[in-house]
Amino acid sequence: MDFIEPTLPVWEATATAAEAWTLDDYKIYGDWVATFQAYPWMGLLGDSYILWDDYDIWSYHEYGAGIWILHLDETYFEGSGTGGAALWWALVQDSRDNEPDVLDAWADVTGGSWQDSLAEFVAFNLVSHDPDRRPAWVDGRDDGDWGSVPMETIWGEDLPATVVPEYGIAQTGWVHLELPDAPEDLVVTYEGNDSIGVVLVAVDVDGNTQIESEWPVRLDFTGAVDLAVINMGTPEFDADERLRMAPLEITMAVEPAEPEPGDTGTPDDTNDTGADDNTGGTDDNAGGAGETDGGGEEGGRLEGDGDDGKAGGCSATGSAASWAALLGLMAAARRREGTGSTKR
């Protein structure tokens, strides 16, 4: 096995999950899960020693992380209880270099990237307290403390709002924000270290999930929404690196989307048709005027516009259609602007 992996959660969390797999009716001790859920910004690489030594926070962080291993086992190993052993075996190396590390092993057993698996776990964690949205297997494991603890609750009347995590967010860590009545056109932005990857995970009241890594993010959901912002570290981040707390400012504001351009095909087509008809009328009149002298030719075009009802009629019809369409677009634009103003 791997005796030089320095991160504690992969060891203690797996040991905690093993108790659930081997003991009848076992539920993870509530205080363990509660402290893990209260400080998710420490992530899956930090532990209770860091929380105590650096922040004077008493915690059972690495034991409460057992819910991470149980989720891994249920999602990728059909709840067979073999997920922890598979993760440990994937950590094995035959040198003093800690490669593969825990993140490499996690990617190996899930068959994807650890970043995707982390976002997947966070989405689960946001709703782990809710029997209507969480998987049924949680019901037999929850000691009543599986609920993720929001760092802050943001109501619609509080928008725009900026949230600053007190200690920052460690690599693989996240913060949970609760939005009980998220309005339409809600956009989330962040300011901080541009060298790290930051991912947003949102889950609505029906359990639908939105995961985004391109910022700013326009939420797809309204109403009750649970939202998390995750620090994925730099693209080259390795689990052996020192944990660094990234300071972030997370801002939520209503920003109505730019209205779609109106369909201007009809006015253009009408004008084109009118121009063609005018040209046709002019050609006909010019042909008739060709029998006169130069002055008569110019007069012939004018007379033709007046005598030939088609030329004048088409021109008038084209103008009326153009203005009607334009007024319709202006009215539609005002309706959209009015709606946006109301939302603000």
# chains A, B, ... in the order shown; residues from 1 in each chain; ligands from 1
>>> residues_around(residues="Gly197 of chain A", least_positions_apart="5", cutoff="8 Å", atoms="only C-alpha atoms", output="list of chain:residue names")
A:Ser213, A:Asn231, A:Met232, A:Gly233, A:Thr234, A:Pro235
>>> closest_residue(among="A:Asn125, A:Asn98, A:Thr251, A:Gln115", to="Pro165 of chain A", atoms="only C-alpha atoms")
A:Thr251
>>> atom_distance(atom1="atom CA of Gln210 of chain A", atom2="atom CA of Gly140 of chain A")
27.3 Å
>>> atom_distance(atom1="atom CA of Leu200 of chain A", atom2="atom CA of Gly223 of chain A")
17.4 Å
>>> closest_atom_pairs(of="segment 108-194 of chain A", to="segment 65-89 of chain A", cutoff="10 Å", atoms="only C-alpha atoms", output="JSON lines")
{"residue": "A:Asp108", "atom": "CA", "partner": "A:Leu87", "partner_atom": "CA", "distance": 8.3}
{"residue": "A:Val109", "atom": "CA", "partner": "A:Leu87", "partner_atom": "CA", "distance": 6.4}
{"residue": "A:Thr110", "atom": "CA", "partner": "A:Tyr76", "partner_atom": "CA", "distance": 6.5}
{"residue": "A:Gly111", "atom": "CA", "partner": "A:Tyr76", "partner_atom": "CA", "distance": 9.4}
{"residue": "A:Ser117", "atom": "CA", "partner": "A:Leu72", "partner_atom": "CA", "distance": 8.8}
{"residue": "A:Leu118", "atom": "CA", "partner": "A:Trp68", "partner_atom": "CA", "distance": 9.3}
{"residue": "A:Glu120", "atom": "CA", "partner": "A:His71", "partner_atom": "CA", "distance": 9.7}
{"residue": "A:Phe121", "atom": "CA", "partner": "A:Trp68", "partner_atom": "CA", "distance": 7.1}
{"residue": "A:Val122", "atom": "CA", "partner": "A:Trp68", "partner_atom": "CA", "distance": 9.2}
{"residue": "A:Phe124", "atom": "CA", "partner": "A:His71", "partner_atom": "CA", "distance": 8.3}
{"residue": "A:Asn125", "atom": "CA", "partner": "A:Trp68", "partner_atom": "CA", "distance": 8.6}
{"residue": "A:Ser128", "atom": "CA", "partner": "A:Ile67", "partner_atom": "CA", "distance": 9.6}
{"residue": "A:Pro135", "atom": "CA", "partner": "A:Glu74", "partner_atom": "CA", "distance": 9.4}
{"residue": "A:Trp137", "atom": "CA", "partner": "A:Glu74", "partner_atom": "CA", "distance": 8.1}
{"residue": "A:Val138", "atom": "CA", "partner": "A:His71", "partner_atom": "CA", "distance": 9.0}
{"residue": "A:Arg141", "atom": "CA", "partner": "A:Ile67", "partner_atom": "CA", "distance": 9.1}
{"residue": "A:Asp142", "atom": "CA", "partner": "A:Ile67", "partner_atom": "CA", "distance": 9.5}
{"residue": "A:Trp146", "atom": "CA", "partner": "A:Ile67", "partner_atom": "CA", "distance": 8.3}
>>> write_last_selection(atoms="N, CA, C and O atoms", output="CSV table (one decimal), in the first residue's frame")
chain,number,residue,atom,x,y,z
A,108,ASP,N,-8.4,7.8,-11.5
A,108,ASP,CA,-8.2,6.5,-12.0
A,108,ASP,C,-9.4,5.6,-11.7
A,108,ASP,O,-9.9,4.9,-12.6
A,109,VAL,N,-10.0,5.6,-10.5
A,109,VAL,CA,-11.1,4.7,-10.2
A,109,VAL,C,-12.4,5.2,-10.8
A,109,VAL,O,-13.3,4.4,-10.9
A,110,THR,N,-12.5,6.5,-11.1
A,110,THR,CA,-13.8,7.0,-11.6
A,110,THR,C,-13.7,7.0,-13.2
A,110,THR,O,-14.8,7.2,-13.8
A,111,GLY,N,-12.5,6.9,-13.8
A,111,GLY,CA,-12.4,6.8,-15.2
A,111,GLY,C,-12.5,8.2,-15.9
A,111,GLY,O,-12.7,8.3,-17.1
A,117,SER,N,-15.1,14.7,-11.0
A,117,SER,CA,-15.6,13.9,-9.8
A,117,SER,C,-15.9,14.8,-8.6
A,117,SER,O,-16.8,14.6,-7.9
A,118,LEU,N,-15.0,15.8,-8.4
A,118,LEU,CA,-15.2,16.7,-7.3
A,118,LEU,C,-16.5,17.5,-7.5
A,118,LEU,O,-17.3,17.7,-6.6
A,120,GLU,N,-19.1,16.7,-9.2
A,120,GLU,CA,-20.2,15.7,-9.0
A,120,GLU,C,-20.5,15.5,-7.5
A,120,GLU,O,-21.6,15.5,-7.1
A,121,PHE,N,-19.4,15.3,-6.7
A,121,PHE,CA,-19.6,15.1,-5.3
A,121,PHE,C,-20.2,16.4,-4.6
A,121,PHE,O,-21.1,16.2,-3.8
A,122,VAL,N,-19.7,17.5,-5.0
A,122,VAL,CA,-20.3,18.8,-4.4
A,122,VAL,C,-21.7,18.9,-4.7
A,122,VAL,O,-22.5,19.3,-3.9
A,124,PHE,N,-23.9,16.6,-5.2
A,124,PHE,CA,-24.6,15.7,-4.3
A,124,PHE,C,-24.6,16.2,-2.9
A,124,PHE,O,-25.6,16.2,-2.2
A,125,ASN,N,-23.5,16.8,-2.4
A,125,ASN,CA,-23.4,17.3,-1.1
A,125,ASN,C,-24.3,18.4,-0.8
A,125,ASN,O,-24.9,18.5,0.3
A,128,SER,N,-27.6,16.8,0.1
A,128,SER,CA,-27.5,15.5,0.9
A,128,SER,C,-28.4,15.5,2.1
A,128,SER,O,-28.7,14.5,2.7
A,135,PRO,N,-30.0,10.8,-3.1
A,135,PRO,CA,-30.2,9.4,-3.4
A,135,PRO,C,-30.8,8.7,-2.2
A,135,PRO,O,-30.5,9.0,-1.1
A,137,TRP,N,-30.0,5.9,-0.9
A,137,TRP,CA,-29.1,5.2,0.0
A,137,TRP,C,-28.7,6.0,1.2
A,137,TRP,O,-28.2,5.5,2.2
A,138,VAL,N,-28.8,7.3,1.0
A,138,VAL,CA,-28.4,8.2,2.1
A,138,VAL,C,-29.3,8.0,3.4
A,138,VAL,O,-28.9,8.2,4.5
A,141,ARG,N,-28.0,6.0,6.1
A,141,ARG,CA,-26.7,6.4,6.6
A,141,ARG,C,-26.7,7.7,7.4
A,141,ARG,O,-25.8,8.0,8.2
A,142,ASP,N,-27.7,8.5,7.2
A,142,ASP,CA,-27.7,9.9,7.7
A,142,ASP,C,-28.1,9.8,9.2
A,142,ASP,O,-29.1,9.3,9.6
A,146,TRP,N,-26.2,15.3,7.8
A,146,TRP,CA,-25.6,15.3,6.5
A,146,TRP,C,-25.7,16.6,5.8
A,146,TRP,O,-25.1,16.8,4.7
>>> decode(residues="segment 161-183 of chain A", atoms="C-alpha atoms", output="PDB file, in the first residue's frame")
ATOM      1  CA  ALA A 161     -24.712  41.061  -3.149  1.00  0.00           C
ATOM      2  CA  THR A 162     -21.024  40.263  -2.705  1.00  0.00           C
ATOM      3  CA  VAL A 163     -19.804  37.435  -0.491  1.00  0.00           C
ATOM      4  CA  VAL A 164     -16.212  37.135   0.742  1.00  0.00           C
ATOM      5  CA  PRO A 165     -15.269  33.818   2.425  1.00  0.00           C
ATOM      6  CA  GLU A 166     -13.544  34.716   5.678  1.00  0.00           C
ATOM      7  CA  TYR A 167     -10.559  32.408   5.251  1.00  0.00           C
ATOM      8  CA  GLY A 168     -10.604  31.923   1.494  1.00  0.00           C
ATOM      9  CA  ILE A 169     -10.976  28.510  -0.164  1.00  0.00           C
ATOM     10  CA  ALA A 170      -8.312  25.777  -0.272  1.00  0.00           C
ATOM     11  CA  GLN A 171      -7.683  23.644  -3.347  1.00  0.00           C
ATOM     12  CA  THR A 172     -10.522  21.055  -3.625  1.00  0.00           C
ATOM     13  CA  GLY A 173     -12.548  23.202  -1.201  1.00  0.00           C
ATOM     14  CA  TRP A 174     -15.785  25.077  -1.797  1.00  0.00           C
ATOM     15  CA  VAL A 175     -18.299  27.421  -0.202  1.00  0.00           C
ATOM     16  CA  HIS A 176     -22.048  26.867  -0.163  1.00  0.00           C
ATOM     17  CA  LEU A 177     -24.446  29.763  -0.776  1.00  0.00           C
ATOM     18  CA  GLU A 178     -28.202  29.419  -0.353  1.00  0.00           C
ATOM     19  CA  LEU A 179     -30.581  31.393  -2.599  1.00  0.00           C
ATOM     20  CA  PRO A 180     -34.189  30.835  -1.467  1.00  0.00           C
ATOM     21  CA  ASP A 181     -35.748  32.969  -4.226  1.00  0.00           C
ATOM     22  CA  ALA A 182     -33.240  33.404  -7.033  1.00  0.00           C
ATOM     23  CA  PRO A 183     -34.738  35.723  -9.696  1.00  0.00           C
TER      24      PRO A 183
END
